Amino acid sequence: MSGGNCPETPRQKMIGMMYLMLTAMLALNVSGDLLNAFDLVDKSIRSSTRNTEVKNRTAYVNFENANAQNPAKVGDAYATVKKVQAAADSLFEYVRGVKNDLVHRADGPEYDEDNYLSKSNQDIAATVMMVEKDGAKGEELKAKIGEYKEFLKGIANGDAILLNGIEEMLATRDTVDADNVKVPWQSQNFEHIPLAASMALLSNMQSNVRNAEADIVQYLYSSIDKASFKFNKIEPLIIPKSSYVIQGGVYEADIMLAAYDDTMEPVVNVAGSELRVESGRGKYSVPASAVGQKKYSADLSIPDPVSGEMLHYKVEGEYEVAQPMVTVAPIKMNAMYRGLDNPLEISAPGIPQSSLKVSATGCTLTKQGSIYIAKPNKDAKEAVVTVSGDVNGKAVRFPQKNFRIYRVPNPTPKLPGSKGGRISKAQLTNVSSVRAELEDFVFDVKFDVVSFDLTVKSGGFDVTKTAKGGQFTAEQKSMLAKVNRGQKFWVEHVKVKFPDGSINDLGTISLVCE
């Protein structure tokens with residue numbers, strides 16, 4: 001059977017869920033806290049990987065000792081396991097090289113994966129892995145993972161469970177989005193995400209390399225005649241499908257002994273109830289009805305192979321039940337603006353976007369590709385977005401998200417090349433229109449000038465002429481041509497049409513010819 005000499009602990013499962021959740025939140029503005037979270041996940045994955053490496057080294061020592069005791073039976077498997085070790089080490093070091101290459105390109109050769117500065121850089125990973133040399137580096141990494149996967153599958157000898165585990169851990173398949181558009185594997189790991197996230201994803205690839213190595217080594221070890229070995233320890237294990245459960249879902253785990261005789265099933269009890277046992281694994285399932293950290297203990301018993309006396313082993317497990325989460329992320333801002341198309345990305349960790357149901361008050365939502373376009377209602381001051389989805393066959397409504405609705409700020413009226421003040425005679429000769437521009441705003445908003453007045457002080461009197469639209473009339477141009485140096489004039493009552501259809505007076509541009 002597969003399952004590995006080093007199956008993932010509840011802590012490792014939690015780490016996996018953490019980096020998946022953080023990846024789903026990338027649509028949000030990348031804050032320092034989020035970058036630090038990615039860095040924490042990266043360090044946690046690497047710490048877990050080091051633990052797996054320690055257990056793998058123990059497994060190799062056991063193999064070496066077994067080979068020394070009985071090379072006739074163990075020799076072929078031992079030769080194969082040495083090849084597995086070499087292949088795993090080679091791929092692990094190659095991924096380490098990729099990580100350091102990204103860091104060196106971003107910050108310089110004095111930095112490495114343990115110490116680098118450009119955590120928020122969203123360009124370097126995509127450039128190195130997808131753009132340079134037509135993405136040769138990304139293709140090479142994908143190919144090496146694929147070669148390692150096929151090598152291990154060739155050793156699995158048709159074990160369906162082991163083959164499926166290797167396929168999932170070392171998957172490099174492309175995906176499709178909600179609009180059935182292909183999303184390459186390289187894009188999932190390196191495009192439009194901060195360097196800290198790519199580093200965490202690469203660390204997870206290294207972790208999967210070691211876990212797949214562990215599964216194959218354990219498979220080869222268990223395939224040897226057990227009668228040739230003396231086992232002095234039986235290790236009880238809890239293998240949860242996930243140690244992070246959404247409220248309303250179901251926590252599931254396999255409770256098993258790492259080494260067992262398939263002719264002698266263990267008896268597994270949790271909280272006084274005996275579990276159904278399949279292939280040495282007690283099947284534990286409990287509804288996740290309340291939020292919080294959950295702990296439990298199990299008793300596993302099996303007859304001593306010599307005396308027949310029941311031997312008991314205790315093991316503890318834990319898992320986290322969390323409230324349903326949903327991400328409703330404004331792509332460009334933290335508010336909505338009346339009269340504009342406000343793009344939103346809406347997603348929930350672990351739930352396909354096609355399974356989400358989205359509604360809103362205070363605005364209308366229209367789906368365009370992978371995003372939603374929100375258009376605030378005319379008089380609304382707040383928009384509320386509500387999302388629901390299917391969690392393990394149960395409809396779950398996520399907490400609603402509220403957004404303030406604002407009017408687009410007033411643009412600045414200006415002549416080409418001048419916001420007011422002094423203007424040269426040469427500039428004045430070439431003036432043809434009045435514009436309204438919004439500076440330093442998250443949206444590129446175009447405003448149409450509806451009308452404006454030109455007032456010139458001449459002979460002690462103010463002479464005013466009105467233009468419809470933003471272009472100076474012939475009469476106004478004639479007035480400007482007669483303006484002398486030192487003479488004042490004004491562009492007044494500049495009225496513009498806003499995106500919500502309202503017309504507003506932006507005031508006056510005061511000028512003096514020099």
# chains A, B, ... in the order shown; residues from 1 in each chain; ligands from 1

call {"tool": "select_by_dssp", "arguments": {"residues": "range 350-493 of chain A", "states": "strand (DSSP E)", "output": "count of residues only"}}
result
71

call {"tool": "residues_around", "arguments": {"residues": "Arg276 in chain A", "least_positions_apart": "5", "cutoff": "12 Å", "atoms": "only C-alpha atoms", "output": "ChimeraX atom specification"}}
result
/A:254-256,265-270,281-285

call {"tool": "write_last_selection", "arguments": {"atoms": "C-alpha atoms", "output": "mmCIF file, in the first residue's frame"}}
result
data_model
loop_
_atom_site.group_PDB
_atom_site.id
_atom_site.type_symbol
_atom_site.label_atom_id
_atom_site.label_comp_id
_atom_site.auth_asym_id
_atom_site.auth_seq_id
_atom_site.Cartn_x
_atom_site.Cartn_y
_atom_site.Cartn_z
ATOM 1 C CA ASP A 254 -7.433 8.133 8.193
ATOM 2 C CA ILE A 255 -6.158 6.762 11.519
ATOM 3 C CA MET A 256 -3.651 3.984 10.997
ATOM 4 C CA GLU A 265 -6.463 -5.468 11.245
ATOM 5 C CA PRO A 266 -6.133 -3.073 14.193
ATOM 6 C CA VAL A 267 -9.076 -2.033 16.349
ATOM 7 C CA VAL A 268 -9.491 1.758 16.357
ATOM 8 C CA ASN A 269 -11.549 3.678 18.929
ATOM 9 C CA VAL A 270 -12.258 7.408 19.171
ATOM 10 C CA ARG A 281 -6.989 2.445 8.445
ATOM 11 C CA GLY A 282 -9.693 3.525 10.845
ATOM 12 C CA LYS A 283 -12.142 5.765 8.981
ATOM 13 C CA TYR A 284 -12.936 8.799 11.151
ATOM 14 C CA SER A 285 -15.566 11.315 10.077
#

call {"tool": "atom_distance", "arguments": {"atom1": "CA of Ala196 in chain A", "atom2": "CA of Asp114 in chain A"}}
result
11.2 Å

call {"tool": "residues_around", "arguments": {"residues": "Gln122 in chain A", "least_positions_apart": "5", "cutoff": "7 Å", "atoms": "only C-alpha atoms", "output": "count of residues only"}}
result
4

call {"tool": "closest_residue", "arguments": {"among": "A:Asp174, A:Glu147, A:Asp215, A:Asp101", "to": "Thr52 in chain A", "atoms": "only C-alpha atoms"}}
result
A:Asp215
